[in-house]
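Enquirer: Got a structure for you, run-v2.cif, holding mmCIF, C-alpha atoms.
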data_coords
#
loop_
_atom_site.label_atom_id
_atom_site.label_comp_id
_atom_site.auth_asym_id
_atom_site.auth_seq_id
_atom_site.Cartn_x
_atom_site.Cartn_y
_atom_site.Cartn_z
CA MET A 1 96.57 67.09 108.01
CA ALA A 2 92.99 67.42 109.05
CA THR A 3 91.98 64.17 107.42
CA SER A 4 90.82 61.52 109.79
CA LEU A 5 92.38 58.31 108.65
CA THR A 6 89.95 56.16 110.57
CA PRO A 7 87.64 54.51 108.11
CA THR A 8 83.97 55.09 108.64
CA ALA A 9 81.50 52.26 108.31
CA LYS A 10 79.63 52.32 105.04
CA ASP A 11 76.23 52.82 106.56
CA GLY A 12 77.45 54.12 109.89
CA PRO A 13 75.65 57.01 111.47
CA LYS A 14 78.85 58.98 111.77
CA ARG A 15 79.29 61.62 109.12
CA PRO A 16 82.63 61.05 107.39
CA VAL A 17 85.10 63.76 108.12
CA GLY A 18 85.65 65.98 105.12
CA THR A 19 89.14 67.32 104.78
CA LEU A 20 90.18 70.87 105.34
CA TYR A 21 91.15 72.73 102.18
CA ARG A 22 94.90 73.09 102.36
CA GLY A 23 95.24 76.70 101.36
CA ARG A 24 98.50 78.55 101.77
CA GLU A 25 99.59 81.88 103.30
CA GLY A 26 96.77 83.82 101.65
CA MET A 27 94.06 81.62 103.13
CA TRP A 28 95.53 81.46 106.63
CA SER A 29 96.12 85.21 106.75
CA TRP A 30 92.48 85.66 105.75
CA VAL A 31 91.33 83.30 108.52
CA ALA A 32 93.50 85.09 111.10
CA HIS A 33 92.30 88.47 109.80
CA ARG A 34 88.67 87.41 110.26
CA ILE A 35 89.21 85.99 113.75
CA SER A 36 91.21 89.02 114.93
CA GLY A 37 88.59 91.33 113.41
CA VAL A 38 85.73 89.64 115.24
CA ALA A 39 87.75 89.63 118.49
CA ILE A 40 88.45 93.37 118.15
CA PHE A 41 84.78 94.00 117.49
CA PHE A 42 83.78 92.29 120.73
CA PHE A 43 86.47 94.22 122.61
CA LEU A 44 85.19 97.53 121.20
CA PHE A 45 81.65 96.59 122.24
CA VAL A 46 82.74 96.03 125.86
CA HIS A 47 85.07 99.02 125.69
CA VAL A 48 82.26 101.38 124.69
CA LEU A 49 80.23 100.10 127.63
CA ASP A 50 82.98 100.43 130.24
CA THR A 51 83.96 103.88 129.00
CA ALA A 52 80.30 104.91 129.15
CA THR A 53 80.31 104.33 132.93
CA VAL A 54 82.27 107.61 133.28
CA ARG A 55 78.98 109.29 132.40
CA ILE A 56 77.47 107.71 135.53
CA SER A 57 80.28 108.80 137.84
CA PRO A 58 84.11 108.79 137.81
CA GLU A 59 84.00 106.38 140.79
CA ALA A 60 81.90 103.89 138.83
CA TYR A 61 84.41 104.11 135.99
CA ASP A 62 87.35 103.53 138.35
CA ALA A 63 85.56 100.55 139.89
CA VAL A 64 84.95 98.94 136.49
CA ILE A 65 88.50 99.58 135.27
CA GLY A 66 89.84 98.31 138.62
CA GLN A 67 88.16 94.98 137.88
CA TYR A 68 90.52 94.53 134.92
CA LYS A 69 93.62 94.47 137.13
CA ASN A 70 94.00 90.70 137.37
CA PRO A 71 96.22 88.19 135.56
CA VAL A 72 93.37 86.76 133.44
CA MET A 73 92.59 90.17 131.99
CA GLY A 74 96.34 90.83 131.70
CA VAL A 75 96.74 87.84 129.40
CA GLY A 76 93.59 88.95 127.59
CA GLU A 77 95.19 92.36 127.01
CA LEU A 78 98.18 90.64 125.44
CA GLY A 79 95.77 88.82 123.11
CA LEU A 80 94.00 92.07 122.31
CA VAL A 81 97.21 93.89 121.41
CA GLY A 82 98.23 90.87 119.32
CA ALA A 83 94.91 90.93 117.47
CA VAL A 84 95.12 94.67 116.81
CA VAL A 85 98.76 94.51 115.65
CA PHE A 86 98.10 91.58 113.32
CA HIS A 87 94.90 93.09 111.95
CA ALA A 88 96.65 96.40 111.31
CA LEU A 89 99.71 94.91 109.61
CA ASN A 90 97.72 92.46 107.53
CA GLY A 91 95.33 95.27 106.63
CA ILE A 92 98.26 97.15 105.10
CA ARG A 93 99.17 93.98 103.20
CA ILE A 94 95.61 93.71 101.83
CA ILE A 95 95.66 97.38 100.76
CA LEU A 96 98.94 96.75 98.94
CA VAL A 97 97.51 93.62 97.27
CA ASP A 98 94.50 95.62 96.11
CA PHE A 99 96.18 98.82 94.98
CA TRP A 100 99.87 98.21 94.37
CA SER A 101 100.36 96.82 90.87
CA LYS A 102 102.92 94.28 92.11
CA GLY A 103 100.98 93.45 95.28
CA THR A 104 99.42 90.22 94.04
CA GLN A 105 102.81 89.04 92.79
CA HIS A 106 104.47 89.56 96.16
CA GLN A 107 101.57 88.64 98.44
CA ARG A 108 103.41 85.71 100.01
CA LYS A 109 106.48 87.82 100.82
CA LEU A 110 104.18 90.51 102.18
CA PHE A 111 102.60 87.91 104.47
CA TRP A 112 105.95 86.83 105.85
CA GLY A 113 106.82 90.51 106.27
CA VAL A 114 103.67 90.81 108.40
CA VAL A 115 104.76 87.80 110.45
CA VAL A 116 108.27 89.22 111.00
CA LEU A 117 106.99 92.68 111.97
CA PHE A 118 104.36 91.10 114.22
CA THR A 119 107.01 89.07 116.04
CA LEU A 120 109.36 92.05 116.34
CA MET A 121 106.60 94.11 117.92
CA MET A 122 104.94 91.45 120.07
CA VAL A 123 107.94 89.76 121.71
CA PRO A 124 109.26 92.88 123.50
CA PHE A 125 105.73 93.94 124.33
CA ALA A 126 104.82 90.52 125.75
CA ILE A 127 107.94 90.49 127.96
CA ARG A 128 107.29 94.01 129.30
CA HIS A 129 103.54 93.57 129.65
CA LEU A 130 103.66 90.18 131.35
CA THR A 131 106.31 91.31 133.86
CA PHE A 132 103.88 94.09 134.85
CA VAL A 133 100.91 91.72 135.02
CA PHE A 134 102.61 89.02 137.06
CA GLY A 135 105.32 91.10 138.79
CA HIS A 136 103.09 93.55 140.66
CA MET B 137 72.14 47.11 91.50
CA ALA B 138 72.92 43.84 93.25
CA GLY B 139 76.37 43.94 91.69
CA GLU B 140 77.04 47.32 93.24
CA LYS B 141 76.91 46.02 96.77
CA GLU B 142 79.68 43.53 96.19
CA PRO B 143 82.47 45.95 95.31
CA GLY B 144 81.64 47.79 98.48
CA THR B 145 82.42 44.76 100.59
CA ARG B 146 85.46 43.91 98.60
CA SER B 147 86.94 47.34 99.01
CA ALA B 148 86.13 47.16 102.70
CA THR B 149 88.84 44.49 102.88
CA GLY B 150 91.12 46.94 101.19
CA GLU B 151 90.22 49.49 103.78
CA GLU B 152 91.39 47.21 106.59
CA GLY B 153 94.68 46.85 104.80
CA GLY B 154 95.00 50.56 104.40
CA GLU B 155 94.45 51.23 108.06
CA GLY B 156 97.91 50.09 109.01
CA ILE B 157 99.95 51.83 106.40
CA ALA B 158 102.98 49.67 107.11
CA THR B 159 101.12 46.53 106.09
CA SER B 160 99.46 48.00 103.08
CA GLY B 161 101.84 46.11 100.84
CA ALA B 162 100.80 42.68 102.05
CA ALA B 163 97.19 42.92 103.10
CA PRO B 164 95.54 44.05 99.89
CA SER B 165 97.43 41.56 97.75
CA SER B 166 94.52 39.15 97.97
CA ASP B 167 92.36 42.07 97.03
CA TYR B 168 93.69 42.48 93.59
CA ASP B 169 95.69 39.38 92.78
CA HIS B 170 92.49 38.08 91.33
CA ALA B 171 91.67 41.45 89.92
CA GLY B 172 94.03 40.50 87.11
CA LYS B 173 96.84 42.88 86.67
CA GLY B 174 97.05 41.96 82.99
CA GLY B 175 99.68 43.75 80.99
CA ALA B 176 103.17 42.59 80.22
CA SER B 177 105.04 40.47 82.71
CA PRO B 178 107.76 43.02 83.63
CA ARG B 179 104.98 45.06 85.15
CA GLN B 180 104.59 42.39 87.83
CA GLU B 181 107.98 43.23 89.29
CA LYS B 182 108.40 45.54 92.20
CA GLY B 183 111.09 48.18 91.96
CA THR B 184 112.90 48.72 88.72
CA ASP B 185 112.94 45.97 86.17
CA GLY B 186 116.39 46.18 84.73
CA ALA B 187 118.05 49.10 83.06
CA GLY B 188 115.71 51.91 82.01
CA GLY B 189 112.77 50.36 83.83
CA ILE B 190 110.19 52.56 85.40
CA PRO B 191 110.11 52.30 89.20
CA SER B 192 106.86 50.96 90.58
CA PHE B 193 105.33 51.44 93.99
CA ASP B 194 102.20 50.62 95.92
CA VAL B 195 100.00 53.57 96.59
CA THR B 196 96.84 53.73 98.68
CA MET B 197 94.17 55.91 97.16
CA ARG B 198 91.67 57.19 99.70
CA LEU B 199 88.58 58.23 97.78
CA ARG B 200 85.45 59.99 98.93
CA ARG B 201 82.64 57.90 97.51
CA TYR B 202 78.98 58.67 97.26
CA ASN B 203 76.34 56.72 95.40
CA PRO B 204 73.05 58.62 95.54
CA GLU B 205 71.09 55.39 95.01
CA LEU B 206 72.60 53.58 97.99
CA ASP B 207 74.19 56.07 100.37
CA THR B 208 72.72 58.82 102.48
CA GLU B 209 76.13 60.28 103.23
CA PRO B 210 79.46 60.24 101.40
CA HIS B 211 82.07 57.91 102.86
CA TRP B 212 85.76 57.10 102.46
CA GLU B 213 87.14 54.01 100.74
CA ASN B 214 90.78 52.94 100.45
CA TYR B 215 92.19 51.14 97.43
CA THR B 216 95.78 50.00 97.11
CA VAL B 217 97.16 49.77 93.60
CA THR B 218 100.62 49.29 92.11
CA MET B 219 101.53 52.32 90.08
CA TYR B 220 104.59 53.58 88.19
CA GLY B 221 106.71 56.67 88.31
CA THR B 222 105.13 57.98 85.15
CA ASP B 223 101.56 57.59 86.43
CA ARG B 224 99.24 60.38 87.42
CA VAL B 225 96.36 60.46 89.90
CA LEU B 226 94.03 59.95 86.95
CA ASP B 227 95.84 56.71 86.02
CA ALA B 228 95.34 55.40 89.55
CA LEU B 229 91.63 56.21 89.37
CA SER B 230 91.34 54.53 85.99
CA LYS B 231 93.13 51.47 87.32
CA ILE B 232 90.80 51.25 90.33
CA LYS B 233 87.80 51.60 88.03
CA ALA B 234 89.11 48.98 85.62
CA GLU B 235 90.40 46.41 88.10
CA ILE B 236 88.79 46.84 91.51
CA ASP B 237 85.50 48.72 91.42
CA GLY B 238 83.80 49.56 88.16
CA THR B 239 81.23 51.74 89.91
CA LEU B 240 83.85 54.41 90.67
CA THR B 241 82.64 57.54 88.89
CA PHE B 242 84.71 60.52 87.80
CA ARG B 243 84.87 62.86 84.82
CA ARG B 244 87.71 62.86 82.40
CA SER B 245 87.91 63.55 78.74
CA CYS B 246 91.18 64.47 77.11
CA ALA B 247 93.34 63.43 80.09
CA HIS B 248 95.98 65.96 79.08
CA GLY B 249 95.08 69.09 80.99
CA ILE B 250 93.08 70.85 78.28
CA CYS B 251 89.44 69.81 78.60
CA GLY B 252 89.18 70.71 82.29
CA SER B 253 86.96 67.76 83.20
CA ASP B 254 88.92 66.15 86.01
CA ALA B 255 89.39 68.88 88.57
CA MET B 256 89.30 67.27 92.01
CA ARG B 257 90.71 67.78 95.46
CA VAL B 258 93.96 65.85 95.77
CA ASN B 259 95.42 65.85 99.29
CA GLY B 260 93.28 68.82 100.19
CA ARG B 261 94.13 71.00 97.18
CA ASN B 262 92.31 71.44 93.90
CA ARG B 263 94.25 69.83 91.09
CA LEU B 264 93.65 68.29 87.70
CA ALA B 265 93.97 64.53 88.20
CA CYS B 266 95.62 64.30 84.77
CA LYS B 267 98.35 66.82 85.64
CA THR B 268 99.27 65.48 89.09
CA LEU B 269 102.02 62.86 89.08
CA LEU B 270 101.79 60.34 91.89
CA LYS B 271 105.56 60.50 92.45
CA ASP B 272 105.20 64.19 93.35
CA LEU B 273 102.83 63.32 96.21
CA ASP B 274 103.68 61.80 99.57
CA ILE B 275 102.84 58.19 98.78
CA SER B 276 103.88 56.90 102.21
CA LYS B 277 100.42 58.10 103.24
CA PRO B 278 97.16 57.46 101.41
CA VAL B 279 96.51 59.91 98.58
CA VAL B 280 93.23 61.59 99.50
CA VAL B 281 90.95 62.38 96.55
CA GLU B 282 87.64 64.19 96.97
CA PRO B 283 85.24 66.01 94.70
CA ILE B 284 85.74 69.77 94.42
CA LYS B 285 84.08 71.76 97.17
CA GLY B 286 81.11 74.11 97.01
CA LEU B 287 79.24 72.39 94.18
CA PRO B 288 76.63 69.66 94.81
CA VAL B 289 78.08 66.15 94.56
CA GLU B 290 76.17 63.97 92.09
CA LYS B 291 78.15 60.75 92.43
CA ASP B 292 81.62 59.95 93.78
CA LEU B 293 83.92 62.60 92.27
CA VAL B 294 81.33 64.07 89.90
CA VAL B 295 79.76 67.39 90.89
CA ASP B 296 76.94 69.41 89.36
CA MET B 297 78.74 72.10 87.37
CA GLU B 298 75.57 74.00 86.50
CA PRO B 299 75.92 76.80 89.13
CA PHE B 300 79.47 77.29 87.90
CA PHE B 301 78.45 77.59 84.24
CA ALA B 302 75.46 79.78 85.14
CA ALA B 303 77.86 82.34 86.65
CA TYR B 304 80.05 82.01 83.56
CA ARG B 305 77.14 82.73 81.23
CA GLU B 306 76.10 85.75 83.27
CA VAL B 307 79.27 87.70 82.47
CA MET B 308 78.53 87.32 78.74
CA PRO B 309 81.75 85.59 77.68
CA PHE B 310 81.55 86.58 74.02
CA LEU B 311 82.69 89.51 71.90
CA ILE B 312 80.19 92.38 71.92
CA THR B 313 80.48 94.92 69.14
CA ARG B 314 78.31 97.75 67.91
CA GLY B 315 77.86 99.22 64.46
CA ALA B 316 78.56 97.71 61.07
CA GLU B 317 80.57 94.55 60.76
CA PRO B 318 84.03 95.36 59.39
CA THR B 319 84.91 94.02 55.97
CA ARG B 320 88.21 92.71 57.26
CA GLU B 321 89.53 91.30 60.51
CA ARG B 322 89.36 93.38 63.68
CA VAL B 323 92.98 94.41 63.94
CA GLN B 324 94.59 94.41 67.36
CA SER B 325 98.11 95.47 68.29
CA GLN B 326 100.39 93.06 70.12
CA PRO B 327 100.42 95.10 73.36
CA ASP B 328 96.61 95.22 73.25
CA ARG B 329 96.47 91.45 72.87
CA GLU B 330 99.05 91.03 75.61
CA ARG B 331 96.82 92.98 78.01
CA PHE B 332 94.42 90.06 78.52
CA ASP B 333 96.63 87.17 77.42
CA ASP B 334 96.74 85.54 80.86
CA THR B 335 92.98 85.20 81.18
CA THR B 336 92.55 83.61 77.72
CA LYS B 337 94.13 80.43 79.11
CA CYS B 338 91.11 79.41 81.20
CA ILE B 339 89.80 75.87 80.57
CA LEU B 340 86.74 76.20 82.84
CA CYS B 341 87.73 73.31 85.09
CA ALA B 342 86.28 75.05 88.19
CA ALA B 343 89.42 74.37 90.24
CA CYS B 344 89.62 78.06 91.14
CA THR B 345 85.96 78.70 91.91
CA SER B 346 85.72 75.60 94.09
CA SER B 347 88.88 76.54 96.01
CA CYS B 348 87.39 79.87 97.08
CA PRO B 349 86.16 80.01 100.72
CA VAL B 350 83.82 82.84 99.75
CA PHE B 351 82.20 80.65 97.09
CA TRP B 352 81.80 77.72 99.54
CA THR B 353 79.72 79.79 101.91
CA ASP B 354 78.05 82.12 99.40
CA GLY B 355 76.91 80.26 96.31
CA GLN B 356 75.66 83.51 94.78
CA TYR B 357 79.22 84.83 94.37
CA PHE B 358 80.25 84.82 90.71
CA GLY B 359 83.47 83.06 91.59
CA PRO B 360 86.98 83.49 90.21
CA ALA B 361 86.41 81.67 86.90
CA ALA B 362 83.52 83.91 85.83
CA ILE B 363 85.55 87.03 86.70
CA VAL B 364 88.57 85.68 84.80
CA ASN B 365 86.41 85.21 81.71
CA ALA B 366 84.88 88.66 82.13
CA HIS B 367 88.42 90.08 82.44
CA ARG B 368 89.31 88.41 79.15
CA PHE B 369 86.71 90.59 77.36
CA ILE B 370 86.77 93.72 79.55
CA PHE B 371 90.42 94.32 78.63
CA ASP B 372 90.02 93.27 74.98
CA SER B 373 90.44 96.42 72.86
CA ARG B 374 87.98 95.03 70.23
CA ASP B 375 85.20 94.51 72.72
CA GLN B 376 82.57 97.19 73.36
CA GLY B 377 80.60 95.50 76.13
CA SER B 378 83.03 96.28 78.96
CA ASP B 379 80.67 98.71 80.67
CA LEU B 380 77.93 96.12 80.71
CA ARG B 381 80.22 93.47 82.17
CA LEU B 382 81.74 95.86 84.71
CA GLU B 383 78.22 96.74 85.80
CA ILE B 384 77.41 93.04 86.32
CA LEU B 385 80.60 92.54 88.35
CA ASN B 386 79.96 95.69 90.41
CA ASP B 387 77.13 93.72 91.99
CA ARG B 388 77.06 92.83 95.67
CA GLU B 389 77.98 89.28 94.66
CA GLY B 390 80.56 90.47 92.14
CA VAL B 391 84.27 91.29 92.45
CA TRP B 392 83.88 92.99 95.82
CA ARG B 393 83.25 89.59 97.41
CA CYS B 394 86.88 88.69 96.67
CA ARG B 395 88.93 88.73 99.87
CA THR B 396 92.29 88.15 98.15
CA ILE B 397 92.71 84.71 99.66
CA PHE B 398 94.80 83.50 96.68
CA ASN B 399 93.52 79.91 96.81
CA CYS B 400 92.31 80.35 93.22
CA SER B 401 95.68 81.49 91.90
CA GLU B 402 97.35 78.51 93.56
CA ALA B 403 94.73 76.03 92.32
CA CYS B 404 94.68 77.13 88.68
CA PRO B 405 96.18 74.33 86.54
CA ARG B 406 96.95 76.88 83.80
CA GLY B 407 98.84 79.17 86.15
CA ILE B 408 96.55 82.13 85.57
CA GLN B 409 97.19 84.95 88.06
CA ILE B 410 93.51 84.98 89.00
CA THR B 411 93.65 87.21 92.07
CA LYS B 412 95.61 89.72 90.00
CA ALA B 413 92.94 89.62 87.28
CA ILE B 414 90.21 90.20 89.88
CA ALA B 415 92.22 93.09 91.37
CA GLU B 416 92.47 94.62 87.88
CA VAL B 417 88.69 94.44 87.48
CA LYS B 418 88.28 96.08 90.91
CA GLN B 419 90.69 98.84 89.87
CA ALA B 420 88.84 99.33 86.57
CA LEU B 421 85.60 99.75 88.53
CA ILE B 422 87.17 102.34 90.84
CA ALA B 423 88.81 104.17 87.90
CA ARG B 424 85.46 104.27 86.10
CA LYS B 425 83.85 105.95 89.07
CA LEU B 426 86.49 108.65 89.42
#
Turn the structure described in the file into structure tokens.
Expert:
Amino acid sequence: MATSLTPTAKDGPKRPVGTLYRGREGMWSWVAHRISGVAIFFFLFVHVLDTATVRISPEAYDAVIGQYKNPVMGVGELGLVGAVVFHALNGIRIILVDFWSKGTQHQRKLFWGVVVLFTLMMVPFAIRHLTFVFGH
Amino acid sequence: MAGEKEPGTRSATGEEGGEGIATSGAAPSSDYDHAGKGGASPRQEKGTDGAGGIPSFDVTMRLRRYNPELDTEPHWENYTVTMYGTDRVLDALSKIKAEIDGTLTFRRSCAHGICGSDAMRVNGRNRLACKTLLKDLDISKPVVVEPIKGLPVEKDLVVDMEPFFAAYREVMPFLITRGAEPTRERVQSQPDRERFDDTTKCILCAACTSSCPVFWTDGQYFGPAAIVNAHRFIFDSRDQGSDLRLEILNDREGVWRCRTIFNCSEACPRGIQITKAIAEVKQALIARKL
């Protein structure tokens, strides 16, 4: 629970900690959807820039892409794929909630379906990807 | 106002007791022994009093207090009270107000889940205090009670409901008809009545609207309750103002602000499928355009 149980002095300068609203699957999937969406946006921004270097020269492009071949970026790539996969799967869930007549009724099951599919896709990918990143 | 300072100090003692949860049974006893428990003597017993007795327990209520005349910021206060298995959060608040601190302010009217006055945030979720039994909560920890979020706090657990009702009025929650008044009742078939049955249950407690993260950050959003009450008339076969209402909800701050977070559906004390109702209004808007 996000509540701080430490009492705050009545006239103390510290602002008392308000509690987090304890929403359920719907709220957390929305939070994750937002965060993954913003992360993907920033990736696309950088991606447009690095791809644009091919217009300068193919060597410049190779140099920029070569910079990405380090473990930090490797882990970042794992995060990127995770963000895209979650955003895509949860996007399908949101479309179903909006347009399928039984979508709102089954939204919680749909969320757990997203979680299961996400895990099924990400675990093999993470193993394969990380062996490449750290094995070579 | 001099009397208002004293309860603050007295409850501060209670707060020390509440800090160590394990000792909460002993420490606050001095706090409310003199507060006069009143009532019949069996109520003094801990545990069950004989056959058919109602089990009692000590529960710490952690309340977010704010007195606009004394405080610049809201703060937390703990109160430990002995309650019974049949008691609700509202009973604990009433007991604190009656026996420990009379300045505690909260709304309640019918106390039976119909008037919609006592929506508040209990352990982080919007609930009606009169429909939440203490025994259903985890009473080994303090029960955290705060005012509902997204509306300006006036005092303690009382918020200014005006923005909420302003949005409600904007969707024109009344029957709109054109032409001559019929000489007899406006007949409606059972399936037609069934169409909007769910949204007729709203008691305007604001539990849904104040559970909506979109409403917290964007006070212009109509909020779930206003859309629910628009839905109630949009899908009423006798009503002729649907186009008008759909147009209002087609606004930038209308139904399209809904991100299907489902906090409203889970907060509604009447069990209205609010997100579903909002989705139906969205679909009606799309269907109208096609």
Enquirer: Could you spell out the hits of the PyMOL selection byres ((chain A and resi 23) around 10) on the shown file, as a count of residues only?
Expert: 20
Enquirer: How would you write, as an MDAnalysis selection string, the residues chosen by the PyMOL selection byres ((chain A and resi 29) around 12) on this structure?
Expert: (chainID A and resid 23:28 30:37 86:87 89:91 93:94 107:108 110:115) or (chainID B and resid 395:399)
Enquirer: Quick one: residues within 8 Å of segment 364-379 of chain B, all atoms listed in the file, excluding same-chain residues fewer than 3 positions away - as a list of chain:residue names?
Expert: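 Here the qualifying residues turn out to be B:Tyr304, B:Val307, B:Met308, B:Pro309, B:Phe310, B:Leu311, B:Ile312, B:Thr313, B:Arg314, B:Arg322, B:Gln324, B:Asp328, B:Arg329, B:Arg331, B:Phe332, B:Asp333, B:Thr335, B:Thr336, B:Cys338, B:Pro360, B:Ala361, B:Leu382, B:Glu383, B:Ile410, B:Ala413, B:Ile414, B:Val417.
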Enquirer: List as CSV every residue of chain B that is in contact with chain A, defined as an atom at most 9 Å from one of its atoms (using all atoms listed in the file), together with the nearest atom pair and the distance in Å rounded to one decimal, sorted by chain and then rising number.
Expert:
residue,atom,partner,partner_atom,distance
B:Gly144,CA,A:Lys10,CA,8.2
B:Ala148,CA,A:Lys10,CA,8.6
B:Glu151,CA,A:Pro7,CA,7.1
B:Glu152,CA,A:Pro7,CA,8.3
B:Glu155,CA,A:Thr6,CA,7.1
B:Arg200,CA,A:Gly18,CA,8.6
B:Asp207,CA,A:Asp11,CA,7.3
B:Thr208,CA,A:Asp11,CA,8.1
B:Glu209,CA,A:Arg15,CA,6.8
B:Pro210,CA,A:Pro16,CA,6.8
B:His211,CA,A:Pro16,CA,5.5
B:Trp212,CA,A:Pro7,CA,6.5
B:Glu213,CA,A:Pro7,CA,7.4
B:Asn214,CA,A:Pro7,CA,8.4
B:Arg257,CA,A:Tyr21,CA,8.4
B:Asn259,CA,A:Arg22,CA,7.9
B:Gly260,CA,A:Tyr21,CA,4.9
B:Arg261,CA,A:Arg22,CA,5.6
B:Asn262,CA,A:Tyr21,CA,8.5
B:Pro278,CA,A:Leu5,CA,8.7
B:Val280,CA,A:Thr3,CA,8.4
B:Glu282,CA,A:Thr19,CA,8.5
B:Lys285,CA,A:Tyr21,CA,8.7
B:Ser347,CA,A:Tyr21,CA,7.6
B:Pro349,CA,A:Met27,CA,8.4
B:Arg395,CA,A:Trp30,CA,7.5
B:Thr396,CA,A:Gly26,CA,7.1
B:Ile397,CA,A:Gly26,CA,4.6
B:Phe398,CA,A:Gly26,CA,5.4
B:Asn399,CA,A:Gly23,CA,5.8
B:Glu402,CA,A:Gly23,CA,8.3
B:Gln409,CA,A:Thr104,CA,8.3
B:Thr411,CA,A:Thr104,CA,6.8
B:Lys412,CA,A:Thr104,CA,5.6
B:Ala415,CA,A:Asp98,CA,5.8
B:Glu416,CA,A:Asp98,CA,8.5
B:Lys418,CA,A:Asp98,CA,8.1
B:Gln419,CA,A:Phe99,CA,7.5
Enquirer: Suppose we keep C-alpha atoms; can you now write the selection as a short mmCIF file (atom, residue, chain, number, x, y, z; two decimals), keeping the file's coordinate frame?
Expert:
data_model
loop_
_atom_site.label_atom_id
_atom_site.label_comp_id
_atom_site.auth_asym_id
_atom_site.auth_seq_id
_atom_site.Cartn_x
_atom_site.Cartn_y
_atom_site.Cartn_z
CA GLY B 144 81.64 47.79 98.48
CA ALA B 148 86.13 47.16 102.70
CA GLU B 151 90.22 49.49 103.78
CA GLU B 152 91.39 47.21 106.59
CA GLU B 155 94.45 51.23 108.06
CA ARG B 200 85.45 59.99 98.93
CA ASP B 207 74.19 56.07 100.37
CA THR B 208 72.72 58.82 102.48
CA GLU B 209 76.13 60.28 103.23
CA PRO B 210 79.46 60.24 101.40
CA HIS B 211 82.07 57.91 102.86
CA TRP B 212 85.76 57.10 102.46
CA GLU B 213 87.14 54.01 100.74
CA ASN B 214 90.78 52.94 100.45
CA ARG B 257 90.71 67.78 95.46
CA ASN B 259 95.42 65.85 99.29
CA GLY B 260 93.28 68.82 100.19
CA ARG B 261 94.13 71.00 97.18
CA ASN B 262 92.31 71.44 93.90
CA PRO B 278 97.16 57.46 101.41
CA VAL B 280 93.23 61.59 99.50
CA GLU B 282 87.64 64.19 96.97
CA LYS B 285 84.08 71.76 97.17
CA SER B 347 88.88 76.54 96.01
CA PRO B 349 86.16 80.01 100.72
CA ARG B 395 88.93 88.73 99.87
CA THR B 396 92.29 88.15 98.15
CA ILE B 397 92.71 84.71 99.66
CA PHE B 398 94.80 83.50 96.68
CA ASN B 399 93.52 79.91 96.81
CA GLU B 402 97.35 78.51 93.56
CA GLN B 409 97.19 84.95 88.06
CA THR B 411 93.65 87.21 92.07
CA LYS B 412 95.61 89.72 90.00
CA ALA B 415 92.22 93.09 91.37
CA GLU B 416 92.47 94.62 87.88
CA LYS B 418 88.28 96.08 90.91
CA GLN B 419 90.69 98.84 89.87
#
Enquirer: The PyMOL selection byres ((chain A and resi 121-127) around 12) - which residues does that actually catch in the file I just gave you? List them as JSON, numbers by chain.
Expert: {"A": [74, 75, 76, 77, 78, 79, 80, 81, 82, 83, 84, 85, 86, 89, 114, 115, 116, 117, 118, 119, 120, 128, 129, 130, 131, 132, 133, 134, 135]}
Enquirer: Between atom CA of Phe358 of chain B and atom CA of Asn203 of chain B, measure the distance and give it in Å to one decimal.
Expert: 28.8 Å
Enquirer: Could you tell me how far atom CA of Ala255 of chain B lies from atom CA of Leu287 of chain B, in Å and to one decimal?
Expert: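 A separation of 12.1 Å between them.
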Enquirer: Which of these, B:Ala420, B:Cys404, B:Met256, B:Ala228, has the shortest distance to Asp292 of chain B once you count only C-alpha atoms?
Expert: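 The shortest atom-to-atom distance to Asp292 of chain B comes from B:Met256.
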Enquirer: To one decimal place, how far is atom CA of Thr53 of chain A from atom CA of Ile65 of chain A in Å?
Expert: 9.8 Å
Enquirer: Extract, using only C-alpha atoms, all DNA, RNA and protein residues at most 9 Å from Lys337 of chain B, discarding same-chain residues fewer than 4 positions from it, and format them as number ranges by chain.
Expert: B: 333, 406-408
Enquirer: Which one is closest to His248 of chain B: B:Ser230, B:Thr268, B:Thr218, B:Thr345? Count only C-alpha atoms.
Expert: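 When distances to His248 of chain B are compared using only C-alpha atoms, the smallest one comes from B:Thr268.
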